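What follows is the content of upload27.tsv, which has TSV, N, CA and C atoms:
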chain	number	residue	atom	x	y	z
A	9	MET	N	104.32	111.52	92.64
A	9	MET	CA	103.53	111.67	93.85
A	9	MET	C	103.20	110.30	94.41
A	10	LYS	N	103.37	110.14	95.70
A	10	LYS	CA	103.06	108.87	96.36
A	10	LYS	C	101.55	108.76	96.54
A	11	MET	N	100.99	107.61	96.15
A	11	MET	CA	99.55	107.39	96.26
A	11	MET	C	99.19	107.05	97.70
A	12	PRO	N	98.03	107.54	98.19
A	12	PRO	CA	97.62	107.21	99.56
A	12	PRO	C	97.27	105.73	99.66
A	13	LYS	N	97.54	105.16	100.83
A	13	LYS	CA	97.21	103.76	101.07
A	13	LYS	C	95.70	103.63	101.26
A	14	THR	N	95.17	102.44	100.98
A	14	THR	CA	93.73	102.20	101.06
A	14	THR	C	93.18	102.59	102.42
A	15	LYS	N	93.86	102.27	103.50
A	15	LYS	CA	93.38	102.60	104.85
A	15	LYS	C	93.26	104.11	105.04
A	16	GLN	N	94.22	104.86	104.49
A	16	GLN	CA	94.18	106.31	104.60
A	16	GLN	C	92.99	106.87	103.84
A	17	VAL	N	92.75	106.37	102.65
A	17	VAL	CA	91.62	106.83	101.84
A	17	VAL	C	90.32	106.50	102.55
A	18	LYS	N	90.21	105.27	103.06
A	18	LYS	CA	88.99	104.84	103.76
A	18	LYS	C	88.71	105.74	104.96
A	19	ALA	N	89.72	106.04	105.74
A	19	ALA	CA	89.54	106.88	106.92
A	19	ALA	C	89.04	108.27	106.53
A	20	LYS	N	89.59	108.84	105.47
A	20	LYS	CA	89.17	110.17	105.04
A	20	LYS	C	87.73	110.14	104.52
A	21	VAL	N	87.38	109.08	103.80
A	21	VAL	CA	86.03	108.97	103.26
A	21	VAL	C	85.02	108.81	104.39
A	22	GLU	N	85.34	107.98	105.38
A	22	GLU	CA	84.40	107.76	106.49
A	22	GLU	C	84.08	109.05	107.23
A	23	LYS	N	85.00	109.99	107.27
A	23	LYS	CA	84.77	111.25	107.97
A	23	LYS	C	83.68	112.09	107.32
A	24	VAL	N	83.44	111.91	106.03
A	24	VAL	CA	82.50	112.79	105.33
A	24	VAL	C	81.23	112.10	104.84
A	25	THR	N	81.00	110.85	105.23
A	25	THR	CA	79.88	110.11	104.66
A	25	THR	C	78.66	109.97	105.57
A	26	GLU	N	78.67	110.56	106.73
A	26	GLU	CA	77.50	110.46	107.61
A	26	GLU	C	76.28	111.14	106.98
A	27	GLY	N	75.13	110.47	107.06
A	27	GLY	CA	73.89	111.04	106.56
A	27	GLY	C	73.72	111.02	105.05
A	28	VAL	N	74.49	110.25	104.35
A	28	VAL	CA	74.44	110.20	102.89
A	28	VAL	C	73.41	109.17	102.44
A	29	SER	N	72.63	109.50	101.40
A	29	SER	CA	71.64	108.57	100.85
A	29	SER	C	72.31	107.29	100.40
A	30	ARG	N	71.63	106.17	100.61
A	30	ARG	CA	72.18	104.87	100.23
A	30	ARG	C	71.51	104.28	98.99
A	31	ARG	N	70.31	104.72	98.66
A	31	ARG	CA	69.59	104.20	97.49
A	31	ARG	C	69.42	105.32	96.48
A	32	LEU	N	69.82	105.05	95.25
A	32	LEU	CA	69.79	106.08	94.23
A	32	LEU	C	69.13	105.55	92.97
A	33	ASP	N	68.33	106.37	92.32
A	33	ASP	CA	67.67	105.99	91.07
A	33	ASP	C	68.49	106.44	89.87
A	34	TRP	N	68.52	105.59	88.85
A	34	TRP	CA	69.20	105.92	87.61
A	34	TRP	C	68.28	106.76	86.75
A	35	GLN	N	68.84	107.74	86.05
A	35	GLN	CA	68.10	108.55	85.09
A	35	GLN	C	68.92	108.66	83.80
A	36	GLU	N	68.23	108.62	82.67
A	36	GLU	CA	68.92	108.81	81.39
A	36	GLU	C	69.20	110.30	81.20
A	37	VAL	N	70.43	110.62	80.84
A	37	VAL	CA	70.85	112.01	80.66
A	37	VAL	C	71.54	112.12	79.30
A	38	PRO	N	71.15	113.12	78.50
A	38	PRO	CA	71.86	113.33	77.22
A	38	PRO	C	73.34	113.60	77.46
A	39	ILE	N	74.19	112.95	76.70
A	39	ILE	CA	75.64	113.12	76.86
A	39	ILE	C	76.04	114.59	76.73
A	40	ALA	N	75.37	115.33	75.86
A	40	ALA	CA	75.72	116.74	75.65
A	40	ALA	C	75.59	117.58	76.92
A	41	LYS	N	74.77	117.15	77.88
A	41	LYS	CA	74.60	117.90	79.13
A	41	LYS	C	75.71	117.65	80.15
A	42	ILE	N	76.41	116.54	80.01
A	42	ILE	CA	77.37	116.12	81.03
A	42	ILE	C	78.71	116.82	80.82
A	43	LYS	N	79.24	117.36	81.93
A	43	LYS	CA	80.52	118.07	81.90
A	43	LYS	C	81.56	117.24	82.66
A	44	PRO	N	82.61	116.79	81.98
A	44	PRO	CA	83.67	116.09	82.71
A	44	PRO	C	84.28	117.00	83.77
A	45	TYR	N	84.69	116.42	84.87
A	45	TYR	CA	85.36	117.17	85.93
A	45	TYR	C	86.77	117.50	85.45
A	46	ALA	N	87.08	118.79	85.36
A	46	ALA	CA	88.35	119.24	84.78
A	46	ALA	C	89.57	118.75	85.54
A	47	ASN	N	89.45	118.53	86.83
A	47	ASN	CA	90.60	118.13	87.65
A	47	ASN	C	90.54	116.64	87.99
A	48	ASN	N	89.92	115.84	87.13
A	48	ASN	CA	89.83	114.40	87.39
A	48	ASN	C	91.23	113.82	87.59
A	49	PRO	N	91.48	113.21	88.76
A	49	PRO	CA	92.82	112.71	89.04
A	49	PRO	C	93.13	111.34	88.43
A	50	LYS	N	92.16	110.72	87.78
A	50	LYS	CA	92.37	109.38	87.21
A	50	LYS	C	92.53	109.49	85.70
A	51	ALA	N	93.58	108.88	85.18
A	51	ALA	CA	93.82	108.86	83.74
A	51	ALA	C	93.34	107.54	83.17
A	52	HIS	N	92.80	107.57	81.96
A	52	HIS	CA	92.34	106.36	81.28
A	52	HIS	C	93.03	106.26	79.93
A	53	THR	N	93.57	105.09	79.65
A	53	THR	CA	94.20	104.87	78.35
A	53	THR	C	93.12	104.59	77.31
A	54	GLN	N	93.50	104.72	76.05
A	54	GLN	CA	92.56	104.38	74.98
A	54	GLN	C	92.17	102.91	75.06
A	55	GLU	N	93.10	102.08	75.49
A	55	GLU	CA	92.82	100.65	75.65
A	55	GLU	C	91.70	100.43	76.68
A	56	GLN	N	91.73	101.18	77.79
A	56	GLN	CA	90.66	101.07	78.79
A	56	GLN	C	89.33	101.55	78.23
A	57	VAL	N	89.34	102.67	77.53
A	57	VAL	CA	88.12	103.20	76.93
A	57	VAL	C	87.54	102.19	75.94
A	58	ASP	N	88.39	101.59	75.12
A	58	ASP	CA	87.95	100.57	74.16
A	58	ASP	C	87.34	99.37	74.87
A	59	PHE	N	87.99	98.93	75.96
A	59	PHE	CA	87.51	97.77	76.72
A	59	PHE	C	86.12	98.05	77.30
A	60	VAL	N	85.95	99.22	77.93
A	60	VAL	CA	84.66	99.57	78.52
A	60	VAL	C	83.60	99.74	77.43
A	61	ALA	N	83.98	100.30	76.30
A	61	ALA	CA	83.03	100.45	75.18
A	61	ALA	C	82.53	99.08	74.73
A	62	LYS	N	83.43	98.11	74.66
A	62	LYS	CA	83.03	96.76	74.27
A	62	LYS	C	82.12	96.14	75.33
A	63	MET	N	82.43	96.37	76.59
A	63	MET	CA	81.57	95.84	77.67
A	63	MET	C	80.16	96.42	77.57
A	64	ILE	N	80.06	97.71	77.33
A	64	ILE	CA	78.74	98.34	77.21
A	64	ILE	C	78.00	97.77	76.01
A	65	THR	N	78.72	97.61	74.90
A	65	THR	CA	78.11	97.05	73.69
A	65	THR	C	77.63	95.62	73.93
A	66	ASP	N	78.46	94.82	74.57
A	66	ASP	CA	78.14	93.40	74.77
A	66	ASP	C	77.13	93.13	75.88
A	67	TYR	N	77.18	93.91	76.98
A	67	TYR	CA	76.39	93.59	78.16
A	67	TYR	C	75.41	94.68	78.58
A	68	GLY	N	75.47	95.83	77.93
A	68	GLY	CA	74.60	96.93	78.34
A	68	GLY	C	75.21	97.69	79.51
A	69	TRP	N	74.42	98.59	80.04
A	69	TRP	CA	74.88	99.44	81.14
A	69	TRP	C	74.70	98.71	82.46
A	70	THR	N	75.80	98.41	83.13
A	70	THR	CA	75.74	97.76	84.43
A	70	THR	C	76.12	98.71	85.56
A	71	GLN	N	76.69	99.86	85.20
A	71	GLN	CA	77.08	100.88	86.17
A	71	GLN	C	76.74	102.25	85.61
A	72	PRO	N	76.04	103.08	86.39
A	72	PRO	CA	75.74	104.43	85.91
A	72	PRO	C	76.92	105.37	86.12
A	73	LEU	N	76.83	106.52	85.50
A	73	LEU	CA	77.74	107.62	85.81
A	73	LEU	C	77.14	108.35	87.00
A	74	CYS	N	77.92	109.17	87.65
A	74	CYS	CA	77.43	109.94	88.79
A	74	CYS	C	77.72	111.41	88.51
A	75	VAL	N	76.67	112.25	88.62
A	75	VAL	CA	76.81	113.67	88.35
A	75	VAL	C	76.21	114.50	89.48
A	76	ASP	N	76.64	115.76	89.55
A	76	ASP	CA	76.05	116.66	90.53
A	76	ASP	C	74.89	117.43	89.89
A	77	LYS	N	74.31	118.37	90.61
A	77	LYS	CA	73.14	119.09	90.11
A	77	LYS	C	73.43	119.91	88.86
A	78	ASN	N	74.71	120.21	88.62
A	78	ASN	CA	75.11	120.97	87.44
A	78	ASN	C	75.56	120.06	86.29
A	79	TYR	N	75.32	118.76	86.44
A	79	TYR	CA	75.70	117.75	85.44
A	79	TYR	C	77.22	117.58	85.32
A	80	GLU	N	77.96	118.03	86.35
A	80	GLU	CA	79.40	117.79	86.33
A	80	GLU	C	79.65	116.38	86.85
A	81	LEU	N	80.52	115.65	86.14
A	81	LEU	CA	80.81	114.27	86.53
A	81	LEU	C	81.49	114.20	87.88
A	82	ILE	N	80.99	113.31	88.71
A	82	ILE	CA	81.67	112.97	89.95
A	82	ILE	C	82.53	111.75	89.68
A	83	PHE	N	81.94	110.73	89.07
A	83	PHE	CA	82.72	109.60	88.56
A	83	PHE	C	82.04	109.01	87.34
A	84	GLY	N	82.84	108.29	86.55
A	84	GLY	CA	82.33	107.70	85.32
A	84	GLY	C	82.96	108.27	84.07
A	85	HIS	N	84.11	108.89	84.21
A	85	HIS	CA	84.77	109.53	83.06
A	85	HIS	C	85.09	108.53	81.95
A	86	CYS	N	85.58	107.35	82.31
A	86	CYS	CA	85.89	106.34	81.29
A	86	CYS	C	84.61	105.85	80.62
A	87	ARG	N	83.56	105.63	81.39
A	87	ARG	CA	82.28	105.20	80.81
A	87	ARG	C	81.72	106.26	79.87
A	88	LEU	N	81.88	107.54	80.23
A	88	LEU	CA	81.41	108.62	79.36
A	88	LEU	C	82.16	108.61	78.04
A	89	GLU	N	83.48	108.51	78.09
A	89	GLU	CA	84.27	108.48	76.85
A	89	GLU	C	83.93	107.24	76.02
A	90	SER	N	83.69	106.13	76.68
A	90	SER	CA	83.31	104.89	75.98
A	90	SER	C	81.96	105.05	75.30
A	91	ALA	N	81.02	105.67	76.00
A	91	ALA	CA	79.69	105.90	75.43
A	91	ALA	C	79.77	106.78	74.19
A	92	LYS	N	80.58	107.82	74.25
A	92	LYS	CA	80.76	108.69	73.09
A	92	LYS	C	81.34	107.89	71.92
A	93	GLN	N	82.31	107.05	72.22
A	93	GLN	CA	83.00	106.27	71.19
A	93	GLN	C	82.03	105.35	70.44
A	94	ILE	N	81.05	104.78	71.15
A	94	ILE	CA	80.13	103.85	70.48
A	94	ILE	C	78.86	104.54	70.00
A	95	GLY	N	78.82	105.87	70.10
A	95	GLY	CA	77.71	106.62	69.52
A	95	GLY	C	76.45	106.72	70.36
A	96	GLU	N	76.58	106.53	71.66
A	96	GLU	CA	75.41	106.68	72.54
A	96	GLU	C	75.02	108.17	72.59
A	97	SER	N	73.74	108.44	72.68
A	97	SER	CA	73.30	109.83	72.79
A	97	SER	C	72.96	110.21	74.23
A	98	SER	N	72.70	109.19	75.05
A	98	SER	CA	72.42	109.42	76.47
A	98	SER	C	73.03	108.29	77.28
A	99	VAL	N	73.20	108.55	78.57
A	99	VAL	CA	73.80	107.56	79.47
A	99	VAL	C	73.04	107.53	80.79
A	100	PRO	N	73.06	106.38	81.47
A	100	PRO	CA	72.41	106.32	82.78
A	100	PRO	C	73.27	107.05	83.82
A	101	CYS	N	72.61	107.85	84.63
A	101	CYS	CA	73.31	108.61	85.67
A	101	CYS	C	72.55	108.54	86.99
A	102	VAL	N	73.29	108.70	88.06
A	102	VAL	CA	72.68	108.99	89.35
A	102	VAL	C	73.09	110.42	89.68
A	103	PHE	N	72.15	111.16	90.26
A	103	PHE	CA	72.41	112.53	90.67
A	103	PHE	C	72.75	112.56	92.15
A	104	ARG	N	73.78	113.30	92.52
A	104	ARG	CA	74.16	113.46	93.91
A	104	ARG	C	74.11	114.94	94.25
A	105	GLU	N	72.91	115.39	94.56
A	105	GLU	CA	72.71	116.78	94.97
A	105	GLU	C	72.81	116.92	96.48
A	106	ASP	N	72.90	115.78	97.17
A	106	ASP	CA	72.90	115.77	98.62
A	106	ASP	C	74.29	115.83	99.23
A	107	LEU	N	75.32	115.86	98.41
A	107	LEU	CA	76.69	115.79	98.92
A	107	LEU	C	77.33	117.18	99.01
A	108	SER	N	78.12	117.35	100.05
A	108	SER	CA	78.91	118.58	100.18
A	108	SER	C	80.10	118.49	99.23
A	109	GLU	N	80.81	119.59	99.08
A	109	GLU	CA	82.00	119.59	98.22
A	109	GLU	C	83.03	118.59	98.73
A	110	ALA	N	83.20	118.52	100.04
A	110	ALA	CA	84.15	117.56	100.63
A	110	ALA	C	83.71	116.12	100.34
A	111	GLN	N	82.42	115.85	100.42
A	111	GLN	CA	81.92	114.51	100.14
A	111	GLN	C	82.11	114.14	98.67
A	112	VAL	N	81.89	115.10	97.77
A	112	VAL	CA	82.09	114.84	96.34
A	112	VAL	C	83.56	114.50	96.08
A	113	LYS	N	84.47	115.26	96.65
A	113	LYS	CA	85.90	114.98	96.47
A	113	LYS	C	86.25	113.60	97.01
A	114	ALA	N	85.74	113.27	98.18
A	114	ALA	CA	86.02	111.96	98.77
A	114	ALA	C	85.45	110.85	97.91
A	115	LEU	N	84.25	111.05	97.38
A	115	LEU	CA	83.62	110.03	96.53
A	115	LEU	C	84.41	109.83	95.25
A	116	ARG	N	84.88	110.90	94.64
A	116	ARG	CA	85.70	110.77	93.42
A	116	ARG	C	86.91	109.88	93.67
A	117	ILE	N	87.59	110.14	94.75
A	117	ILE	CA	88.80	109.37	95.06
A	117	ILE	C	88.45	107.94	95.45
A	118	ALA	N	87.45	107.78	96.30
A	118	ALA	CA	87.07	106.44	96.76
A	118	ALA	C	86.60	105.57	95.60
A	119	ASP	N	85.81	106.13	94.69
A	119	ASP	CA	85.33	105.34	93.56
A	119	ASP	C	86.50	104.86	92.70
A	120	ASN	N	87.43	105.74	92.42
A	120	ASN	CA	88.59	105.35	91.61
A	120	ASN	C	89.49	104.37	92.36
A	121	LYS	N	89.67	104.57	93.64
A	121	LYS	CA	90.52	103.69	94.44
A	121	LYS	C	89.90	102.30	94.56
A	122	SER	N	88.58	102.23	94.57
A	122	SER	CA	87.91	100.93	94.74
A	122	SER	C	88.14	100.00	93.55
A	123	ASN	N	88.57	100.54	92.42
A	123	ASN	CA	88.83	99.72	91.24
A	123	ASN	C	90.22	99.12	91.21
A	124	GLU	N	91.03	99.43	92.21
A	124	GLU	CA	92.41	98.94	92.23
A	124	GLU	C	92.49	97.71	93.13
A	125	SER	N	92.63	96.56	92.51
A	125	SER	CA	92.79	95.34	93.29
A	125	SER	C	93.47	94.29	92.44
A	126	GLY	N	93.98	93.29	93.10
A	126	GLY	CA	94.66	92.21	92.41
A	126	GLY	C	93.69	91.08	92.08
A	127	TRP	N	94.22	90.06	91.45
A	127	TRP	CA	93.44	88.89	91.05
A	127	TRP	C	93.85	87.70	91.90
A	128	ILE	N	92.91	86.80	92.12
A	128	ILE	CA	93.20	85.51	92.74
A	128	ILE	C	93.33	84.53	91.58
A	129	ALA	N	94.57	84.20	91.23
A	129	ALA	CA	94.86	83.47	90.00
A	129	ALA	C	94.09	82.15	89.88
A	130	GLU	N	94.02	81.37	90.98
A	130	GLU	CA	93.34	80.08	90.90
A	130	GLU	C	91.86	80.24	90.54
A	131	ARG	N	91.24	81.25	91.11
A	131	ARG	CA	89.82	81.49	90.83
A	131	ARG	C	89.60	82.04	89.43
A	132	LEU	N	90.51	82.88	89.00
A	132	LEU	CA	90.41	83.44	87.66
A	132	LEU	C	90.54	82.36	86.60
A	133	GLU	N	91.45	81.42	86.81
A	133	GLU	CA	91.64	80.33	85.87
A	133	GLU	C	90.36	79.53	85.66
A	134	VAL	N	89.63	79.29	86.75
A	134	VAL	CA	88.38	78.53	86.68
A	134	VAL	C	87.36	79.23	85.80
A	135	GLU	N	87.36	80.54	85.78
A	135	GLU	CA	86.41	81.30	84.97
A	135	GLU	C	86.63	81.11	83.48
A	136	PHE	N	87.84	80.70	83.10
A	136	PHE	CA	88.16	80.52	81.69
A	136	PHE	C	88.03	79.06	81.23
A	137	ILE	N	87.64	78.18	82.12
A	137	ILE	CA	87.50	76.77	81.75
A	137	ILE	C	86.11	76.52	81.19
Hey, can you dump this file as structure tokens for me?
Amino acid sequence: MKMPKTKQVKAKVEKVTEGVSRRLDWQEVPIAKIKPYANNPKAHTQEQVDFVAKMITDYGWTQPLCVDKNYELIFGHCRLESAKQIGESSVPCVFREDLSEAQVKALRIADNKSNESGWIAERLEVEFI
């Protein structure tokens, strides 16, 4: 399947984001309550899960998971698997009860698409000096 271009994804997301809350509070949620989205279109390798688990262990939670009113994941599947791997009993979440089904679908895709980018080699090299 051909992946949509960033401009196409952005245009579709902009159509469904009017009136959406911009500030969200994090809440601790027991992992047992969270239901992964069965049709999650993003795959994560064990290497990615291990990497995120190490980041959480080393730096703490810098990004919450996002769930709907039924505790179904909107995004954060890799973080959830990483949390399970390191023995967390709860995870930080933001609740999105204000989104329509179309907005939730757009957010799932936009969140995953936003993680796809290249590196600026000269700048990256400086970070390792």
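With distances restricted to only N, CA and C atoms, A:Val57 is the closest residue to Ala91 in chain A from A:Asp33, A:Ile42, A:Val57, A:Asn47.
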Write out as a list in words which residues come within 9 Å of range 92-96 of chain A when counting only C-alpha atoms, dropping same-chain ones fewer than 4 positions away.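 The contact residues come out as Pro38, Ile39, Val57, Asp58, Ala61, Lys62, Ile64, Thr65, Arg87 and Leu88 of chain A.
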Which residue gives the smallest distance to Ile82 in chain A among A:Val102, A:Ser108, A:Arg116, A:Val60, with all atoms listed in the file counted?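 When distances to Ile82 in chain A are compared using all atoms listed in the file, the smallest one comes from A:Arg116.
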Rounded to one decimal place, report the CA of Lys41 in chain A-CA of Glu80 in chain A distance in Å.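 Answer for the CA of Lys41 in chain A to CA of Glu80 in chain A separation: 8.7 Å.
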Could you give me, as an MDAnalysis selection string, the residues that have an atom at most 6.5 Å away from the point (84.0, 117.1, 83.0) in the coordinates of the file, using only N, CA and C atoms? chainID A and resid 42:46 80:81
What gap, in Å, lies between CA of Asn48 in chain A and CA of Trp127 in chain A?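 Taking CA of Asn48 in chain A and CA of Trp127 in chain A, their separation equals 26.0 Å.
One distance worth recording is that between CA of Arg131 in chain A and atom C of Asp66 in chain A, which is 22.8 Å.
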Out of A:Val37, A:Leu115, A:Ala110, A:Cys86, which residue has the shortest atom-to-atom distance to Met63 in chain A when counting only C-alpha atoms?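 Selected residue with least distance to Met63 in chain A: A:Cys86.
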